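Structure first, then comments.
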Protein chains: 2
Amino acid sequence: VITICLPDDGAVAALGDLSGRVHALSWNGRSPYPPGMDAVEFFVPAYRGGVVDVEVFEQMPRLRVIQLLTAGVESWLGRVPANVVLCSGRGIHGGSTAELAVAGILSHLRQLPVFAEQQRRHEWKQARTEGLREQRVLVLGAGDIGTRVANAVRVFDGEVTLVARTPRAGIHAISELPELLPAHDVVVLALPNTPETTGLADAGFLSAMPDGALLVNVSRGPLVDTQALLAELNSRRLFAFLDVFEVEPLPAEDPLWSAPNLVLTPHVGGGTLGWEQVGYRLVRNQVQRFLDGEPLANVVAAGY
Amino acid sequence: VITICLPDDGAVAALGDLSGRVHALSWNGRSPYPPGMDAVEFFVPAYRGGVVDVEVFEQMPRLRVIQLLTAGVESWLGRVPANVVLCSGRGIHGGSTAELAVAGILSHLRQLPVFAEQQRRHEWKQARTEGLREQRVLVLGAGDIGTRVANAVRVFDGEVTLVARTPRAGIHAISELPELLPAHDVVVLALPNTPETTGLADAGFLSAMPDGALLVNVSRGPLVDTQALLAELNSRRLFAFLDVFEVEPLPAEDPLWSAPNLVLTPHVGGGTLGWEQVGYRLVRNQVQRFLDGEPLANVVAAGY
């Protein structure tokens, strides 16, 4: 019997048939530590709890595994104790994050906000809008999010180009962006935040996008140089749909709120209703692998 | 050499290599008749021109084929002269119409209008929204539109049930709707308007949908009993996304404009930028078949 620390009773319940082999603590990251933290070997932090204070790890001297419920891991790197394995929640939120990107693209192309304004005025005014069939969509990131965005675009006859950090058959390299950007109408950022991708969408990147193109960011805020993007939005040369920001929550006085040509949402790509079913199934399977001495999935880093 | 009547010079230009085998007139349906109408054998009415006055056919005694640029043909049935074949524009607008349905579904589920309102107020307020992964989507119509809607829903792990007038493997019959409706969260109408489908979404149909479900109509207005739908919207029991209406343009005093739980667009499912490329390619291919004595595609009716 090992001791594991889970974010809530739902996660504990999802262990199902494993419950006899583990002792499960429930800790949401904010309440006082429950008794028995010193025995914890497997730790699942709360989804929206942010990164924990490193002092937490002093409470868990026997810790072996940190299993996140997010795909993004950048804020945990460097905080993981020696001999502890960090596993990402890759696959839990990818579908809903891709879905939000596609929602943003379609709403923009089909001008839903314009028609909503006409509805408020009881005004019937048909307009020829764009549609994906005429769009060249550049998807940066060929993981779960990027693949789903690409598949959705293809359903509507859009042309997709994929780019990834590891180029392979049919997938271009990041170094090819200077040639690729001018030839695409929509650019979707679906890459993790790493030293290689921070600031990727800088002034040069944005200036290579053609007039009227749409930038979509559903990954992490620091991928975009916000000042450079603001300049392109204020000149009304580019459009953007942003779900993530360099600072979150976005401060009330931030100029992005009222920038032209921008639709923004408050980092709601993941965490849609029902995500726990998928997330807790991953946790259960990882706990089983740990109990059985099998290799864990989604290993990001070990032995920092 | 045969004489054909096309809606504009773009359609004439799209004939390409066939231009030597045809004499093409350009008539938009409103301007005076061009000279030579009495020789027309193949007639393509303008896309948004509506049904022509039957007196037009008196100008075209040699008419053999009417090729529409819309998938909906109901307003033409009964007006086609004897020995004239009517062909639909099936496939021209299906992609963009399905795309609008999916845009409406995603915007509703992911609450884009709610977040747009928050953006206006500079308010960062995360909310757990629904997503397709938890949705059971009932698609009525298994043609080009319905198939694409189904494929897009599946990209995001939604559950799809297809219904068609002709049931077949994996596709349910309209007679099964009483059992199917209560088990679905989203219902998409993608059927043509025929005597069998007019008024299909009546009070009984709507009352079988579960609380909070979404009705999407991108096909033709008469499929829905508007009064019955208004009752469900006003009681805030159902939601709807409508692109088509019993009377179009929707009169300024129509109660739908300000009905709660409703998003509407002014019949813009088809006709997105670039549709002519697809439409005129169909026209070109149909003219070639006609010249070569081959069977026409998309034949709806002949010899009325």
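Letters A, B, ... go to the chains of the structure tokens in the order shown; residues in each chain start at 1; ligands are counted from 1 in the same order.
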Could you pull out all residues of segment 108-185 of chain A with a DSSP call of strand (DSSP E) and give them as an MDAnalysis selection string? chainID A and resid 136:140 159:164 171:173
Skipping near chain neighbours, those fewer than 5 positions away, what residues fall within 8 Å of Thr197 of chain A using only C-alpha atoms, listed as JSON, numbers by chain? {"A": [191, 192, 223]}
Take the residues from that selection and put them in a file with C-alpha atoms, as a CSV table (one decimal), in the first residue's frame.
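Output file part_0.csv is given in full below:
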chain,number,residue,atom,x,y,z
A,191,LEU,CA,3.2,24.7,-28.9
A,192,PRO,CA,4.3,24.4,-25.3
A,223,LEU,CA,4.8,32.7,-27.0
If we count only C-alpha atoms, what is near segment 65-75 of chain A at a cut-off of 10 Å, once residues fewer than 5 positions away on the same chain are taken out, given as a PyMOL selection string? chain A and resi 4-7+40-48+50-52+80-81+83-94+191-195+219-220+270-271+275-276+278-280+282-283+286-287+290+296-302
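With atom CA of Gln277 of chain B on one side and atom CA of Val12 of chain B on the other, the separation reads 12.0 Å.
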If we count only C-alpha atoms, which residues of chain A reach to within 8 Å of chain B? Please list them as a CSV table (one decimal) with all heavy atoms, in the first residue's frame.
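This is the output file out_30.csv:
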chain,number,residue,atom,x,y,z
A,95,GLY,N,-8.4,18.3,-26.5
A,95,GLY,CA,-9.6,18.4,-27.4
A,95,GLY,C,-10.3,19.7,-27.2
A,95,GLY,O,-10.7,20.4,-28.1
A,96,SER,N,-10.5,20.1,-25.9
A,96,SER,CA,-11.3,21.3,-25.7
A,96,SER,C,-10.5,22.5,-26.0
A,96,SER,O,-11.1,23.5,-26.4
A,96,SER,CB,-11.8,21.3,-24.2
A,96,SER,OG,-10.7,21.4,-23.3
A,98,ALA,N,-8.3,22.7,-28.6
A,98,ALA,CA,-8.4,22.8,-30.0
A,98,ALA,C,-9.8,23.3,-30.4
A,98,ALA,O,-9.9,24.1,-31.3
A,98,ALA,CB,-8.1,21.4,-30.6
A,99,GLU,N,-10.8,22.8,-29.7
A,99,GLU,CA,-12.2,23.2,-30.0
A,99,GLU,C,-12.3,24.7,-29.8
A,99,GLU,O,-13.0,25.4,-30.6
A,99,GLU,CB,-13.1,22.5,-29.0
A,99,GLU,CG,-14.6,22.7,-29.2
A,99,GLU,CD,-15.4,22.0,-28.1
A,99,GLU,OE1,-15.7,20.8,-28.4
A,99,GLU,OE2,-15.7,22.5,-27.1
A,100,LEU,N,-11.7,25.3,-28.8
A,100,LEU,CA,-11.8,26.8,-28.6
A,100,LEU,C,-11.1,27.5,-29.7
A,100,LEU,O,-11.6,28.5,-30.2
A,100,LEU,CB,-11.2,27.2,-27.2
A,100,LEU,CG,-11.4,28.7,-26.9
A,100,LEU,CD1,-12.9,29.0,-26.6
A,100,LEU,CD2,-10.5,29.1,-25.7
A,103,ALA,N,-13.4,27.3,-32.6
A,103,ALA,CA,-14.6,28.2,-32.3
A,103,ALA,C,-14.2,29.7,-32.6
A,103,ALA,O,-14.9,30.4,-33.3
A,103,ALA,CB,-15.0,28.1,-30.9
A,106,LEU,N,-13.7,30.1,-36.5
A,106,LEU,CA,-15.0,30.1,-37.3
A,106,LEU,C,-15.8,31.4,-36.9
A,106,LEU,O,-16.4,31.9,-37.8
A,106,LEU,CB,-15.8,28.8,-36.9
A,106,LEU,CG,-15.2,27.5,-37.4
A,106,LEU,CD1,-16.2,26.4,-37.1
A,106,LEU,CD2,-15.0,27.5,-38.9
A,107,SER,N,-15.8,31.8,-35.7
A,107,SER,CA,-16.6,32.9,-35.3
A,107,SER,C,-16.0,34.2,-36.0
A,107,SER,O,-16.8,35.0,-36.5
A,107,SER,CB,-16.5,33.1,-33.8
A,107,SER,OG,-17.2,34.3,-33.4
A,110,ARG,N,-16.7,33.7,-40.1
A,110,ARG,CA,-18.2,33.8,-40.4
A,110,ARG,C,-18.8,35.0,-39.7
A,110,ARG,O,-20.0,35.1,-39.8
A,110,ARG,CB,-18.9,32.5,-40.0
A,110,ARG,CG,-18.3,31.2,-40.6
A,110,ARG,CD,-18.2,31.3,-42.2
A,110,ARG,NE,-19.5,31.4,-42.8
A,110,ARG,CZ,-20.2,30.4,-43.3
A,110,ARG,NH1,-19.6,29.2,-43.3
A,110,ARG,NH2,-21.4,30.6,-43.8
A,112,LEU,N,-19.6,36.1,-36.7
A,112,LEU,CA,-20.7,36.0,-35.8
A,112,LEU,C,-20.9,37.2,-34.9
A,112,LEU,O,-22.0,37.6,-34.7
A,112,LEU,CB,-20.5,34.7,-34.9
A,112,LEU,CG,-20.6,33.4,-35.6
A,112,LEU,CD1,-20.6,32.2,-34.6
A,112,LEU,CD2,-21.8,33.3,-36.6
A,113,PRO,N,-19.8,37.9,-34.5
A,113,PRO,CA,-20.0,39.1,-33.7
A,113,PRO,C,-20.7,40.2,-34.5
A,113,PRO,O,-21.5,41.0,-34.0
A,113,PRO,CB,-18.6,39.6,-33.3
A,113,PRO,CG,-17.8,38.3,-33.3
A,113,PRO,CD,-18.4,37.5,-34.5
A,115,PHE,N,-22.9,39.7,-36.9
A,115,PHE,CA,-24.4,39.3,-37.0
A,115,PHE,C,-25.1,39.5,-35.7
A,115,PHE,O,-26.3,39.7,-35.6
A,115,PHE,CB,-24.5,37.9,-37.6
A,115,PHE,CG,-24.0,37.8,-39.1
A,115,PHE,CD1,-23.1,36.9,-39.4
A,115,PHE,CD2,-24.6,38.6,-40.0
A,115,PHE,CE1,-22.6,36.8,-40.8
A,115,PHE,CE2,-24.2,38.6,-41.4
A,115,PHE,CZ,-23.2,37.7,-41.7
A,116,ALA,N,-24.3,39.3,-34.6
A,116,ALA,CA,-24.9,39.5,-33.3
A,116,ALA,C,-25.3,40.9,-33.1
A,116,ALA,O,-26.4,41.2,-32.5
A,116,ALA,CB,-23.9,39.0,-32.2
A,119,GLN,N,-28.4,41.5,-35.0
A,119,GLN,CA,-29.5,40.9,-34.4
A,119,GLN,C,-30.0,41.9,-33.3
A,119,GLN,O,-31.3,42.1,-33.2
A,119,GLN,CB,-29.2,39.6,-33.7
A,119,GLN,CG,-30.4,38.9,-33.0
A,119,GLN,CD,-30.0,37.5,-32.5
A,119,GLN,OE1,-28.9,37.1,-32.6
A,119,GLN,NE2,-31.0,36.9,-31.8
A,120,ARG,N,-29.1,42.5,-32.5
A,120,ARG,CA,-29.5,43.5,-31.5
A,120,ARG,C,-30.3,44.7,-32.2
A,120,ARG,O,-31.2,45.2,-31.6
A,120,ARG,CB,-28.3,44.0,-30.8
A,120,ARG,CG,-27.8,43.2,-29.7
A,120,ARG,CD,-26.7,43.8,-28.8
A,120,ARG,NE,-25.4,43.8,-29.5
A,120,ARG,CZ,-24.5,42.7,-29.3
A,120,ARG,NH1,-24.8,41.7,-28.6
A,120,ARG,NH2,-23.4,42.8,-29.9
A,122,HIS,N,-32.1,44.4,-34.9
A,122,HIS,CA,-33.2,43.8,-35.7
A,122,HIS,C,-32.9,44.1,-37.2
A,122,HIS,O,-33.8,44.5,-37.9
A,122,HIS,CB,-34.6,44.4,-35.3
A,122,HIS,CG,-35.0,44.0,-33.9
A,122,HIS,ND1,-36.3,44.0,-33.5
A,122,HIS,CD2,-34.3,43.6,-32.8
A,122,HIS,CE1,-36.4,43.6,-32.3
A,122,HIS,NE2,-35.2,43.3,-31.8
A,123,GLU,N,-31.7,43.9,-37.6
A,123,GLU,CA,-31.3,44.3,-38.9
A,123,GLU,C,-30.9,43.1,-39.7
A,123,GLU,O,-30.0,42.4,-39.3
A,123,GLU,CB,-30.1,45.3,-38.8
A,123,GLU,CG,-29.7,45.8,-40.2
A,123,GLU,CD,-28.5,46.8,-40.0
A,123,GLU,OE1,-27.6,46.5,-39.2
A,123,GLU,OE2,-28.5,47.8,-40.7
A,124,TRP,N,-31.6,42.9,-40.9
A,124,TRP,CA,-31.3,41.8,-41.8
A,124,TRP,C,-30.4,42.3,-42.9
A,124,TRP,O,-30.8,43.0,-43.7
A,124,TRP,CB,-32.6,41.2,-42.4
A,124,TRP,CG,-32.4,40.1,-43.4
A,124,TRP,CD1,-32.0,40.2,-44.7
A,124,TRP,CD2,-32.6,38.7,-43.1
A,124,TRP,NE1,-32.0,38.9,-45.2
A,124,TRP,CE2,-32.3,38.0,-44.3
A,124,TRP,CE3,-33.0,38.0,-42.0
A,124,TRP,CZ2,-32.5,36.6,-44.4
A,124,TRP,CZ3,-33.1,36.6,-42.1
A,124,TRP,CH2,-32.8,35.9,-43.3
A,125,LYS,N,-29.1,41.9,-42.8
A,125,LYS,CA,-28.1,42.5,-43.8
A,125,LYS,C,-27.2,41.3,-44.1
A,125,LYS,O,-26.3,41.0,-43.4
A,125,LYS,CB,-27.4,43.6,-43.1
A,125,LYS,CG,-26.7,44.5,-44.1
A,125,LYS,CD,-26.3,45.8,-43.5
A,125,LYS,CE,-24.9,46.2,-43.8
A,125,LYS,NZ,-24.4,47.3,-43.0
A,126,GLN,N,-27.5,40.7,-45.2
A,126,GLN,CA,-26.6,39.6,-45.6
A,126,GLN,C,-25.2,40.1,-46.0
A,126,GLN,O,-25.1,41.2,-46.5
A,126,GLN,CB,-27.2,38.8,-46.8
A,126,GLN,CG,-28.5,38.1,-46.4
A,126,GLN,CD,-29.1,37.2,-47.5
A,126,GLN,OE1,-29.2,37.7,-48.6
A,126,GLN,NE2,-29.5,36.0,-47.1
A,127,ALA,N,-24.2,39.3,-45.7
A,127,ALA,CA,-22.9,39.7,-46.1
A,127,ALA,C,-22.2,38.4,-46.6
A,127,ALA,O,-22.4,37.3,-46.1
A,127,ALA,CB,-22.1,40.3,-44.9
A,128,ARG,N,-21.3,38.6,-47.6
A,128,ARG,CA,-20.5,37.4,-48.0
A,128,ARG,C,-19.3,37.4,-47.0
A,128,ARG,O,-18.5,38.3,-47.0
A,128,ARG,CB,-20.0,37.6,-49.4
A,128,ARG,CG,-21.0,37.6,-50.4
A,128,ARG,CD,-20.4,37.6,-51.8
A,128,ARG,NE,-19.7,36.3,-52.0
A,128,ARG,CZ,-19.1,36.0,-53.2
A,128,ARG,NH1,-19.2,36.8,-54.2
A,128,ARG,NH2,-18.5,34.8,-53.3
A,129,THR,N,-19.2,36.3,-46.3
A,129,THR,CA,-18.1,36.2,-45.4
A,129,THR,C,-17.1,35.2,-45.9
A,129,THR,O,-17.3,34.5,-46.9
A,129,THR,CB,-18.6,35.6,-44.0
A,129,THR,OG1,-18.9,34.2,-44.2
A,129,THR,CG2,-19.8,36.4,-43.5
A,130,GLU,N,-15.9,35.2,-45.3
A,130,GLU,CA,-15.0,34.2,-45.6
A,130,GLU,C,-15.4,32.9,-45.0
A,130,GLU,O,-16.3,32.8,-44.2
A,130,GLU,CB,-13.6,34.6,-45.0
A,130,GLU,CG,-13.3,36.0,-45.3
A,130,GLU,CD,-11.8,36.2,-45.4
A,130,GLU,OE1,-11.1,35.6,-46.2
A,130,GLU,OE2,-11.3,37.0,-44.6
A,131,GLY,N,-14.7,31.8,-45.4
A,131,GLY,CA,-15.0,30.5,-44.9
A,131,GLY,C,-13.7,29.7,-45.0
A,131,GLY,O,-12.7,30.1,-45.7
A,132,LEU,N,-13.6,28.6,-44.3
A,132,LEU,CA,-12.3,27.9,-44.3
A,132,LEU,C,-11.8,27.4,-45.6
A,132,LEU,O,-10.7,27.2,-45.9
A,132,LEU,CB,-12.4,26.7,-43.3
A,132,LEU,CG,-12.1,27.1,-41.8
A,132,LEU,CD1,-12.5,25.9,-40.9
A,132,LEU,CD2,-10.7,27.5,-41.6
A,133,ARG,N,-12.8,27.2,-46.5
A,133,ARG,CA,-12.4,26.6,-47.8
A,133,ARG,C,-11.4,27.5,-48.6
A,133,ARG,O,-10.6,26.9,-49.3
A,133,ARG,CB,-13.7,26.5,-48.7
A,133,ARG,CG,-13.4,25.9,-50.1
A,133,ARG,CD,-14.7,25.7,-50.8
A,133,ARG,NE,-15.5,26.9,-51.0
A,133,ARG,CZ,-16.8,27.0,-51.2
A,133,ARG,NH1,-17.5,25.9,-51.3
A,133,ARG,NH2,-17.4,28.1,-51.3
A,134,GLU,N,-11.4,28.8,-48.3
A,134,GLU,CA,-10.5,29.7,-49.0
A,134,GLU,C,-9.3,30.0,-48.1
A,134,GLU,O,-8.5,30.9,-48.4
A,134,GLU,CB,-11.2,31.0,-49.3
A,134,GLU,CG,-12.4,30.8,-50.3
A,134,GLU,CD,-11.9,30.5,-51.7
A,134,GLU,OE1,-11.1,31.3,-52.2
A,134,GLU,OE2,-12.3,29.5,-52.2
A,148,ARG,N,-5.8,18.1,-33.9
A,148,ARG,CA,-7.3,18.2,-34.0
A,148,ARG,C,-7.7,19.5,-34.7
A,148,ARG,O,-8.7,19.5,-35.5
A,148,ARG,CB,-7.9,18.3,-32.6
A,148,ARG,CG,-7.8,17.0,-31.8
A,148,ARG,CD,-8.5,17.1,-30.5
A,148,ARG,NE,-8.2,16.0,-29.6
A,148,ARG,CZ,-9.1,15.1,-29.1
A,148,ARG,NH1,-10.3,15.2,-29.5
A,148,ARG,NH2,-8.7,14.2,-28.3
A,151,ASN,N,-7.5,18.6,-38.3
A,151,ASN,CA,-8.5,17.8,-38.8
A,151,ASN,C,-9.8,18.6,-39.0
A,151,ASN,O,-10.6,18.3,-39.9
A,151,ASN,CB,-8.7,16.6,-37.8
A,151,ASN,CG,-7.6,15.6,-37.9
A,151,ASN,OD1,-6.9,15.6,-38.9
A,151,ASN,ND2,-7.5,14.8,-36.9
A,152,ALA,N,-10.1,19.5,-38.0
A,152,ALA,CA,-11.4,20.3,-38.2
A,152,ALA,C,-11.3,21.2,-39.4
A,152,ALA,O,-12.3,21.3,-40.1
A,152,ALA,CB,-11.6,21.1,-36.9
A,155,VAL,N,-12.1,19.3,-42.5
A,155,VAL,CA,-13.5,18.9,-42.7
A,155,VAL,C,-14.2,20.0,-43.6
A,155,VAL,O,-15.1,19.7,-44.3
A,155,VAL,CB,-14.2,18.9,-41.3
A,155,VAL,CG1,-15.8,18.8,-41.5
A,155,VAL,CG2,-13.8,17.6,-40.5
A,156,PHE,N,-13.7,21.2,-43.4
A,156,PHE,CA,-14.3,22.3,-44.2
A,156,PHE,C,-13.4,22.8,-45.4
A,156,PHE,O,-13.5,23.9,-45.8
A,156,PHE,CB,-14.7,23.5,-43.2
A,156,PHE,CG,-15.6,23.0,-42.1
A,156,PHE,CD1,-15.2,23.0,-40.8
A,156,PHE,CD2,-16.9,22.6,-42.4
A,156,PHE,CE1,-16.0,22.6,-39.8
A,156,PHE,CE2,-17.7,22.1,-41.4
A,156,PHE,CZ,-17.3,22.1,-40.1
A,157,ASP,N,-12.6,21.9,-45.8
A,157,ASP,CA,-11.8,22.1,-47.1
A,157,ASP,C,-10.8,23.2,-47.0
A,157,ASP,O,-10.3,23.7,-48.0
A,157,ASP,CB,-12.7,22.4,-48.3
A,157,ASP,CG,-13.7,21.2,-48.5
A,157,ASP,OD1,-13.3,20.1,-48.2
A,157,ASP,OD2,-14.8,21.5,-49.0
A,249,PRO,N,-4.5,36.6,-14.1
A,249,PRO,CA,-5.5,37.2,-14.9
A,249,PRO,C,-5.0,38.5,-15.6
A,249,PRO,O,-4.2,39.2,-15.0
A,249,PRO,CB,-6.7,37.6,-13.9
A,249,PRO,CG,-6.4,36.8,-12.7
A,249,PRO,CD,-4.9,36.5,-12.7
A,250,LEU,N,-5.5,38.8,-16.8
A,250,LEU,CA,-5.2,40.0,-17.5
A,250,LEU,C,-5.6,41.2,-16.7
A,250,LEU,O,-6.8,41.3,-16.3
A,250,LEU,CB,-5.9,40.0,-18.9
A,250,LEU,CG,-5.4,41.0,-19.9
A,250,LEU,CD1,-4.0,40.7,-20.4
A,250,LEU,CD2,-6.4,41.0,-21.1
A,252,ALA,N,-7.0,44.7,-15.3
A,252,ALA,CA,-8.1,45.5,-15.8
A,252,ALA,C,-7.7,46.6,-16.7
A,252,ALA,O,-8.4,47.0,-17.6
A,252,ALA,CB,-9.0,46.0,-14.7
A,253,GLU,N,-6.5,47.2,-16.5
A,253,GLU,CA,-6.0,48.3,-17.2
A,253,GLU,C,-5.2,47.9,-18.5
A,253,GLU,O,-4.7,48.8,-19.2
A,253,GLU,CB,-5.2,49.2,-16.3
A,253,GLU,CG,-3.8,48.6,-15.9
A,253,GLU,CD,-3.9,47.7,-14.7
A,253,GLU,OE1,-5.1,47.3,-14.3
A,253,GLU,OE2,-2.9,47.3,-14.1
A,257,TRP,N,-7.5,44.6,-23.6
A,257,TRP,CA,-9.0,44.5,-23.4
A,257,TRP,C,-9.7,45.3,-24.5
A,257,TRP,O,-10.8,44.9,-25.0
A,257,TRP,CB,-9.4,45.1,-22.1
A,257,TRP,CG,-9.1,44.2,-20.9
A,257,TRP,CD1,-8.2,44.5,-19.9
A,257,TRP,CD2,-9.8,43.0,-20.5
A,257,TRP,NE1,-8.2,43.5,-19.0
A,257,TRP,CE2,-9.2,42.6,-19.3
A,257,TRP,CE3,-10.8,42.2,-21.1
A,257,TRP,CZ2,-9.6,41.4,-18.7
A,257,TRP,CZ3,-11.2,41.1,-20.5
A,257,TRP,CH2,-10.6,40.6,-19.3
A,258,SER,N,-9.2,46.5,-24.9
A,258,SER,CA,-10.0,47.3,-25.8
A,258,SER,C,-9.2,47.5,-27.1
A,258,SER,O,-9.5,48.4,-27.9
A,258,SER,CB,-10.3,48.7,-25.2
A,258,SER,OG,-9.3,49.1,-24.4
A,263,VAL,N,-10.4,39.4,-30.3
A,263,VAL,CA,-11.3,38.7,-29.4
A,263,VAL,C,-10.5,38.0,-28.4
A,263,VAL,O,-9.6,37.3,-28.8
A,263,VAL,CB,-12.3,37.8,-30.2
A,263,VAL,CG1,-13.1,36.9,-29.3
A,263,VAL,CG2,-13.2,38.6,-31.2
A,264,LEU,N,-10.9,38.1,-27.1
A,264,LEU,CA,-10.1,37.4,-26.1
A,264,LEU,C,-11.1,36.7,-25.1
A,264,LEU,O,-12.2,37.1,-24.9
A,264,LEU,CB,-9.2,38.3,-25.3
A,264,LEU,CG,-9.7,39.5,-24.5
A,264,LEU,CD1,-10.1,38.9,-23.1
A,264,LEU,CD2,-8.6,40.5,-24.3
A,265,THR,N,-10.6,35.6,-24.6
A,265,THR,CA,-11.3,34.8,-23.6
A,265,THR,C,-10.3,34.5,-22.5
A,265,THR,O,-9.1,34.5,-22.6
A,265,THR,CB,-11.8,33.4,-24.2
A,265,THR,OG1,-10.7,32.8,-24.9
A,265,THR,CG2,-12.9,33.6,-25.2
A,266,PRO,N,-10.9,34.3,-21.2
A,266,PRO,CA,-10.0,34.3,-20.0
A,266,PRO,C,-9.4,32.9,-19.7
A,266,PRO,O,-9.7,32.3,-18.7
A,266,PRO,CB,-11.0,34.7,-18.9
A,266,PRO,CG,-12.3,34.2,-19.4
A,266,PRO,CD,-12.3,34.3,-20.9
A,267,HIS,N,-8.6,32.4,-20.6
A,267,HIS,CA,-7.9,31.1,-20.5
A,267,HIS,C,-8.9,30.0,-20.1
A,267,HIS,O,-8.9,29.4,-19.0
A,267,HIS,CB,-6.8,31.2,-19.4
A,267,HIS,CG,-5.8,30.1,-19.5
A,267,HIS,ND1,-4.5,30.2,-19.1
A,267,HIS,CD2,-5.9,28.8,-20.0
A,267,HIS,CE1,-3.9,29.0,-19.4
A,267,HIS,NE2,-4.7,28.2,-19.9
A,268,VAL,N,-9.8,29.8,-21.0
A,268,VAL,CA,-10.8,28.7,-20.8
A,268,VAL,C,-10.7,27.6,-21.9
A,268,VAL,O,-11.7,26.9,-22.1
A,268,VAL,CB,-12.2,29.4,-20.8
A,268,VAL,CG1,-12.4,30.2,-19.6
A,268,VAL,CG2,-12.5,30.2,-22.1
A,271,GLY,N,-10.4,22.6,-19.2
A,271,GLY,CA,-11.3,22.7,-18.1
A,271,GLY,C,-12.8,22.7,-18.4
A,271,GLY,O,-13.5,23.2,-17.6
A,272,THR,N,-13.2,22.3,-19.6
A,272,THR,CA,-14.6,22.2,-19.9
A,272,THR,C,-15.3,21.2,-19.0
A,272,THR,O,-14.6,20.3,-18.5
A,272,THR,CB,-14.9,21.9,-21.4
A,272,THR,OG1,-14.1,20.8,-21.7
A,272,THR,CG2,-14.4,23.1,-22.2
A,273,LEU,N,-16.6,21.3,-18.9
A,273,LEU,CA,-17.4,20.3,-18.1
A,273,LEU,C,-17.0,18.9,-18.5
A,273,LEU,O,-17.0,18.6,-19.7
A,273,LEU,CB,-18.9,20.6,-18.3
A,273,LEU,CG,-19.4,21.9,-17.6
A,273,LEU,CD1,-20.8,22.2,-18.1
A,273,LEU,CD2,-19.4,21.8,-16.1
A,274,GLY,N,-16.7,18.1,-17.5
A,274,GLY,CA,-16.4,16.7,-17.8
A,274,GLY,C,-15.0,16.4,-18.0
A,274,GLY,O,-14.6,15.2,-18.2
